[in-house]
Amino acid sequence: MERKIVSCEETLALVLGTKVPFKGDDKYTHALDKLDKVKFKISCIDCSKRGVQARGFLEVDPMAIKICADRIQSTEVQMLVNHELVHAYDYALGRCDFSTGQGLAYSEVRAAREAECSGWFLHDYFRTLCIKDHATRSTQKIFSSSSSSSSAASSAASCVDEVYESAMRDLEPYQSNSPSVSQQQQ
(Lines give C-alpha, C1' and ligand atoms only; values in the text may rest on other atoms or scores of the structure.)
Protein backbone atom coordinates (compact mmCIF):
# COMPACT_ATOMS: atom_id res chain seq x y z
CA MET A 1 0.00 0.00 0.00
CA GLU A 2 2.83 2.37 0.83
CA ARG A 3 4.00 2.06 -2.79
CA LYS A 4 0.57 3.11 -4.09
CA ILE A 5 0.55 6.17 -1.83
CA VAL A 6 4.05 7.18 -2.97
CA SER A 7 3.05 6.70 -6.62
CA CYS A 8 -0.12 8.75 -6.06
CA GLU A 9 1.86 11.52 -4.34
CA GLU A 10 4.42 11.61 -7.16
CA THR A 11 1.65 11.90 -9.75
CA LEU A 12 -0.10 14.53 -7.64
CA ALA A 13 3.11 16.58 -7.50
CA LEU A 14 3.36 16.44 -11.29
CA VAL A 15 -0.30 17.39 -11.71
CA LEU A 16 -0.09 20.30 -9.30
CA GLY A 17 3.28 21.45 -10.59
CA THR A 18 2.41 21.52 -14.27
CA LYS A 19 -1.30 21.71 -14.79
CA VAL A 20 -3.33 22.84 -11.82
CA PRO A 21 -6.98 23.23 -12.72
CA PHE A 22 -7.91 26.94 -12.72
CA LYS A 23 -4.27 27.98 -13.41
CA GLY A 24 -2.61 29.37 -16.49
CA ASP A 25 -5.58 31.17 -17.97
CA ASP A 26 -7.01 34.60 -17.13
CA LYS A 27 -10.56 33.23 -16.95
CA TYR A 28 -9.52 31.22 -13.87
CA THR A 29 -7.96 34.14 -11.97
CA HIS A 30 -11.12 34.98 -9.99
CA ALA A 31 -11.45 31.35 -8.87
CA LEU A 32 -7.87 31.22 -7.67
CA ASP A 33 -8.33 34.46 -5.78
CA LYS A 34 -11.35 33.04 -3.94
CA LEU A 35 -9.79 29.64 -3.26
CA ASP A 36 -6.49 31.17 -2.12
CA LYS A 37 -8.32 32.63 0.88
CA VAL A 38 -9.19 29.09 2.01
CA LYS A 39 -6.14 27.12 2.99
CA PHE A 40 -6.52 23.46 2.14
CA LYS A 41 -4.29 20.50 1.43
CA ILE A 42 -4.44 17.80 -1.20
CA SER A 43 -3.00 14.44 -0.19
CA CYS A 44 -3.02 10.74 -1.06
CA ILE A 45 -4.18 8.27 1.60
CA ASP A 46 -5.13 4.62 2.09
CA CYS A 47 -8.93 4.54 2.29
CA SER A 48 -9.28 0.76 2.71
CA LYS A 49 -9.50 1.00 6.50
CA ARG A 50 -11.57 4.18 6.66
CA GLY A 51 -14.86 2.80 5.29
CA VAL A 52 -14.79 5.31 2.44
CA GLN A 53 -16.55 4.16 -0.74
CA ALA A 54 -15.23 6.92 -2.99
CA ARG A 55 -12.03 7.40 -5.00
CA GLY A 56 -11.54 10.74 -3.31
CA PHE A 57 -13.39 13.15 -1.07
CA LEU A 58 -13.43 16.60 0.47
CA GLU A 59 -12.93 16.94 4.22
CA VAL A 60 -14.26 20.19 5.61
CA ASP A 61 -12.64 20.73 9.00
CA PRO A 62 -9.88 21.45 8.21
CA MET A 63 -10.55 21.64 4.49
CA ALA A 64 -8.61 18.99 2.59
CA ILE A 65 -8.92 16.96 -0.59
CA LYS A 66 -8.12 13.31 0.05
CA ILE A 67 -7.26 11.02 -2.85
CA CYS A 68 -7.74 7.31 -2.17
CA ALA A 69 -4.49 5.87 -3.51
CA ASP A 70 -5.84 2.33 -3.10
CA ARG A 71 -8.81 3.06 -5.39
CA ILE A 72 -7.35 4.95 -8.35
CA GLN A 73 -4.78 4.65 -11.10
CA SER A 74 -2.14 7.35 -11.52
CA THR A 75 -3.85 8.36 -14.78
CA GLU A 76 -6.95 9.37 -12.79
CA VAL A 77 -5.28 11.82 -10.41
CA GLN A 78 -5.79 14.93 -12.59
CA MET A 79 -9.46 14.10 -13.14
CA LEU A 80 -10.02 13.44 -9.44
CA VAL A 81 -8.31 16.68 -8.38
CA ASN A 82 -10.48 18.56 -10.88
CA HIS A 83 -13.62 16.88 -9.51
CA GLU A 84 -12.82 17.58 -5.86
CA LEU A 85 -11.73 21.17 -6.54
CA VAL A 86 -15.24 21.90 -7.84
CA HIS A 87 -16.62 20.64 -4.50
CA ALA A 88 -13.99 22.64 -2.59
CA TYR A 89 -14.99 25.77 -4.50
CA ASP A 90 -18.71 25.18 -3.89
CA TYR A 91 -18.21 24.43 -0.20
CA ALA A 92 -15.67 27.16 0.58
CA LEU A 93 -17.88 29.83 -0.95
CA GLY A 94 -21.14 28.47 0.49
CA ARG A 95 -22.54 27.92 -2.99
CA CYS A 96 -24.40 24.67 -2.13
CA ASP A 97 -26.01 23.22 0.95
CA PHE A 98 -24.24 19.85 1.08
CA SER A 99 -26.63 18.64 3.81
CA THR A 100 -29.47 18.39 1.26
CA GLY A 101 -29.81 16.03 -1.66
CA GLN A 102 -30.34 18.93 -4.06
CA GLY A 103 -27.26 20.80 -2.85
CA LEU A 104 -25.05 17.73 -3.09
CA ALA A 105 -26.48 16.77 -6.51
CA TYR A 106 -25.91 20.33 -7.77
CA SER A 107 -22.20 20.16 -6.93
CA GLU A 108 -21.92 16.57 -8.23
CA VAL A 109 -23.38 17.56 -11.63
CA ARG A 110 -20.86 20.39 -11.91
CA ALA A 111 -17.96 18.19 -10.78
CA ALA A 112 -18.84 15.38 -13.22
CA ARG A 113 -19.12 17.91 -16.06
CA GLU A 114 -15.63 19.27 -15.33
CA ALA A 115 -13.94 15.92 -14.60
CA GLU A 116 -15.23 12.48 -15.59
CA CYS A 117 -17.41 13.77 -18.44
CA SER A 118 -15.24 16.61 -19.73
CA GLY A 119 -13.88 14.84 -22.79
CA TRP A 120 -15.15 14.59 -26.33
CA PHE A 121 -18.53 12.92 -26.94
CA LEU A 122 -20.09 11.94 -30.25
CA HIS A 123 -23.29 13.71 -29.23
CA ASP A 124 -24.43 15.90 -26.30
CA TYR A 125 -26.94 13.19 -25.40
CA PHE A 126 -24.04 10.93 -24.36
CA ARG A 127 -22.40 13.71 -22.32
CA THR A 128 -25.72 14.25 -20.52
CA LEU A 129 -25.97 10.52 -19.75
CA CYS A 130 -22.39 10.53 -18.45
CA ILE A 131 -22.95 13.54 -16.20
CA LYS A 132 -26.29 12.33 -14.83
CA ASP A 133 -24.92 8.84 -14.20
CA HIS A 134 -21.83 10.04 -12.33
CA ALA A 135 -23.76 12.66 -10.36
CA THR A 136 -26.49 10.18 -9.42
CA ARG A 137 -24.03 7.51 -8.27
CA SER A 138 -22.03 10.03 -6.23
CA THR A 139 -25.17 11.49 -4.65
CA GLN A 140 -26.52 7.99 -3.99
CA LYS A 141 -23.40 7.05 -2.00
CA ILE A 142 -24.28 9.75 0.52
CA PHE A 143 -27.98 8.79 0.62
CA SER A 144 -27.23 5.08 1.00
CA SER A 145 -25.85 5.61 4.49
CA SER A 146 -29.25 6.82 5.69
CA SER A 147 -31.81 4.81 3.67
CA SER A 148 -32.36 1.65 1.67
CA SER A 149 -30.39 1.35 -1.58
CA SER A 150 -33.47 1.43 -3.86
CA SER A 151 -34.83 4.50 -2.10
CA ALA A 152 -31.35 6.10 -2.19
CA ALA A 153 -31.06 5.50 -5.94
CA SER A 154 -34.50 6.96 -6.58
CA SER A 155 -33.85 9.98 -4.35
CA ALA A 156 -30.44 10.62 -5.90
CA ALA A 157 -31.80 10.42 -9.46
CA SER A 158 -34.67 12.77 -8.56
CA CYS A 159 -32.29 15.30 -7.01
CA VAL A 160 -29.99 15.20 -10.04
CA ASP A 161 -32.94 15.66 -12.42
CA GLU A 162 -34.26 18.54 -10.32
CA VAL A 163 -31.00 20.55 -10.37
CA TYR A 164 -29.43 19.39 -13.64
CA GLU A 165 -30.32 22.35 -15.89
CA SER A 166 -29.36 25.02 -13.37
CA ALA A 167 -26.12 23.23 -12.42
CA MET A 168 -25.17 22.96 -16.09
CA ARG A 169 -25.63 26.72 -16.50
CA ASP A 170 -23.35 27.37 -13.52
CA LEU A 171 -19.86 27.50 -15.02
CA GLU A 172 -18.05 28.84 -11.95
CA PRO A 173 -15.15 28.81 -11.31
CA TYR A 174 -14.30 28.28 -14.97
CA GLN A 175 -16.19 31.31 -16.24
CA SER A 176 -16.87 34.42 -14.20
CA ASN A 177 -20.02 35.41 -16.07
CA SER A 178 -22.20 32.63 -14.65
CA PRO A 179 -25.49 33.76 -13.11
CA SER A 180 -25.49 33.52 -9.35
CA VAL A 181 -26.41 30.17 -7.84
CA SER A 182 -29.45 31.61 -6.07
CA GLN A 183 -30.79 32.89 -9.41
CA GLN A 184 -30.21 29.49 -11.04
CA GLN A 185 -31.84 27.39 -8.33
CA GLN A 186 -35.10 29.32 -8.67
# chains A, B, ... in the order shown; residues from 1 in each chain; ligands from 1
$ residues_around --residues "Lys132 of chain A" --least-positions-apart "5" --cutoff "8 Å" --atoms "only C-alpha atoms" --output "mmCIF file with N, CA, C and O atoms, in the first residue's frame"
data_model
loop_
_atom_site.group_PDB
_atom_site.id
_atom_site.type_symbol
_atom_site.label_atom_id
_atom_site.label_comp_id
_atom_site.auth_asym_id
_atom_site.auth_seq_id
_atom_site.Cartn_x
_atom_site.Cartn_y
_atom_site.Cartn_z
ATOM 1 N N VAL A 109 -23.180 17.334 -10.187
ATOM 2 C CA VAL A 109 -23.384 17.559 -11.629
ATOM 3 C C VAL A 109 -22.240 18.412 -12.163
ATOM 4 O O VAL A 109 -21.626 18.108 -13.189
ATOM 5 N N ALA A 157 -31.428 10.132 -8.072
ATOM 6 C CA ALA A 157 -31.799 10.423 -9.458
ATOM 7 C C ALA A 157 -32.769 11.596 -9.521
ATOM 8 O O ALA A 157 -32.651 12.469 -10.389
ATOM 9 N N VAL A 160 -30.793 14.837 -8.867
ATOM 10 C CA VAL A 160 -29.989 15.204 -10.038
ATOM 11 C C VAL A 160 -30.883 15.790 -11.120
ATOM 12 O O VAL A 160 -30.571 16.843 -11.696
ATOM 13 N N ASP A 161 -32.013 15.144 -11.398
ATOM 14 C CA ASP A 161 -32.937 15.662 -12.422
ATOM 15 C C ASP A 161 -33.440 17.055 -12.065
ATOM 16 O O ASP A 161 -33.562 17.926 -12.926
ATOM 17 N N TYR A 164 -30.335 19.577 -12.506
ATOM 18 C CA TYR A 164 -29.433 19.393 -13.643
ATOM 19 C C TYR A 164 -29.292 20.642 -14.511
ATOM 20 O O TYR A 164 -28.175 21.103 -14.780
#
$ residues_around --residues "segment 40-47 of chain A" --least-positions-apart "3" --cutoff "7 Å" --atoms "only C-alpha atoms" --output "list in words"
Ile5, Cys8, Glu9, Arg50, Gly51, Val52, Met63, Ala64, Ile65, Lys66, Ile67, Cys68, Ala69 and Asp70 of chain A
$ select_by_dssp --residues "segment 27-170 of chain A" --states "strand (DSSP E)" --output "VMD selection string"
chain A and resid 41 to 45 56 to 60 63 to 68
$ write_last_selection --atoms "N, CA, C and O atoms" --output "JSON list (two decimals), in the first residue's frame"
[["chain", "number", "residue", "atom", "x", "y", "z"],
["A", 41, "LYS", "N", -5.34, 21.39, 1.90],
["A", 41, "LYS", "CA", -4.29, 20.50, 1.43],
["A", 41, "LYS", "C", -4.90, 19.46, 0.51],
["A", 41, "LYS", "O", -6.08, 19.13, 0.63],
["A", 42, "ILE", "N", -4.06, 18.93, -0.37],
["A", 42, "ILE", "CA", -4.44, 17.80, -1.20],
["A", 42, "ILE", "C", -3.43, 16.70, -0.91],
["A", 42, "ILE", "O", -2.22, 16.93, -0.98],
["A", 43, "SER", "N", -3.92, 15.52, -0.53],
["A", 43, "SER", "CA", -3.00, 14.44, -0.19],
["A", 43, "SER", "C", -3.56, 13.08, -0.61],
["A", 43, "SER", "O", -4.76, 12.93, -0.81],
["A", 44, "CYS", "N", -2.67, 12.12, -0.72],
["A", 44, "CYS", "CA", -3.02, 10.74, -1.06],
["A", 44, "CYS", "C", -3.03, 9.91, 0.23],
["A", 44, "CYS", "O", -2.11, 10.04, 1.05],
["A", 45, "ILE", "N", -4.07, 9.09, 0.39],
["A", 45, "ILE", "CA", -4.18, 8.27, 1.60],
["A", 45, "ILE", "C", -4.66, 6.86, 1.24],
["A", 45, "ILE", "O", -5.12, 6.62, 0.13],
["A", 56, "GLY", "N", -12.08, 9.55, -3.93],
["A", 56, "GLY", "CA", -11.54, 10.74, -3.31],
["A", 56, "GLY", "C", -12.68, 11.48, -2.64],
["A", 56, "GLY", "O", -13.85, 11.19, -2.89],
["A", 57, "PHE", "N", -12.33, 12.42, -1.77],
["A", 57, "PHE", "CA", -13.39, 13.15, -1.07],
["A", 57, "PHE", "C", -12.84, 14.46, -0.51],
["A", 57, "PHE", "O", -11.63, 14.65, -0.43],
["A", 58, "LEU", "N", -13.76, 15.31, -0.12],
["A", 58, "LEU", "CA", -13.43, 16.60, 0.47],
["A", 58, "LEU", "C", -13.72, 16.53, 1.96],
["A", 58, "LEU", "O", -14.85, 16.22, 2.36],
["A", 59, "GLU", "N", -12.71, 16.77, 2.79],
["A", 59, "GLU", "CA", -12.93, 16.94, 4.22],
["A", 59, "GLU", "C", -13.13, 18.43, 4.45],
["A", 59, "GLU", "O", -12.54, 19.25, 3.76],
["A", 60, "VAL", "N", -13.94, 18.77, 5.44],
["A", 60, "VAL", "CA", -14.26, 20.19, 5.61],
["A", 60, "VAL", "C", -13.66, 20.85, 6.84],
["A", 60, "VAL", "O", -13.62, 22.06, 6.90],
["A", 63, "MET", "N", -10.26, 21.97, 5.88],
["A", 63, "MET", "CA", -10.55, 21.64, 4.49],
["A", 63, "MET", "C", -9.36, 20.93, 3.86],
["A", 63, "MET", "O", -8.22, 21.39, 3.95],
["A", 64, "ALA", "N", -9.65, 19.78, 3.24],
["A", 64, "ALA", "CA", -8.61, 18.99, 2.59],
["A", 64, "ALA", "C", -9.23, 18.08, 1.54],
["A", 64, "ALA", "O", -10.33, 17.57, 1.73],
["A", 65, "ILE", "N", -8.53, 17.93, 0.43],
["A", 65, "ILE", "CA", -8.92, 16.96, -0.59],
["A", 65, "ILE", "C", -8.10, 15.72, -0.35],
["A", 65, "ILE", "O", -6.87, 15.78, -0.27],
["A", 66, "LYS", "N", -8.78, 14.59, -0.19],
["A", 66, "LYS", "CA", -8.12, 13.31, 0.05],
["A", 66, "LYS", "C", -8.32, 12.44, -1.18],
["A", 66, "LYS", "O", -9.44, 12.24, -1.64],
["A", 67, "ILE", "N", -7.22, 11.92, -1.71],
["A", 67, "ILE", "CA", -7.26, 11.02, -2.85],
["A", 67, "ILE", "C", -6.98, 9.61, -2.33],
["A", 67, "ILE", "O", -5.98, 9.38, -1.66],
["A", 68, "CYS", "N", -7.88, 8.69, -2.63],
["A", 68, "CYS", "CA", -7.74, 7.31, -2.17],
["A", 68, "CYS", "C", -6.78, 6.56, -3.10],
["A", 68, "CYS", "O", -7.17, 6.07, -4.16]]
$ closest_residue --among "A:Tyr91, A:Tyr106, A:Trp120, A:Phe98" --to "Leu171 of chain A" --atoms "only C-alpha atoms"
A:Tyr106
$ residues_around --residues "Cys96 of chain A" --least-positions-apart "6" --cutoff "9 Å" --atoms "only C-alpha atoms" --output "list in words"
Asp90, Gln102, Gly103, Leu104, Tyr106, Ser107 and Val181 of chain A
$ atom_distance --atom1 "atom CA of Arg110 of chain A" --atom2 "atom CA of Thr139 of chain A"
12.3 Å
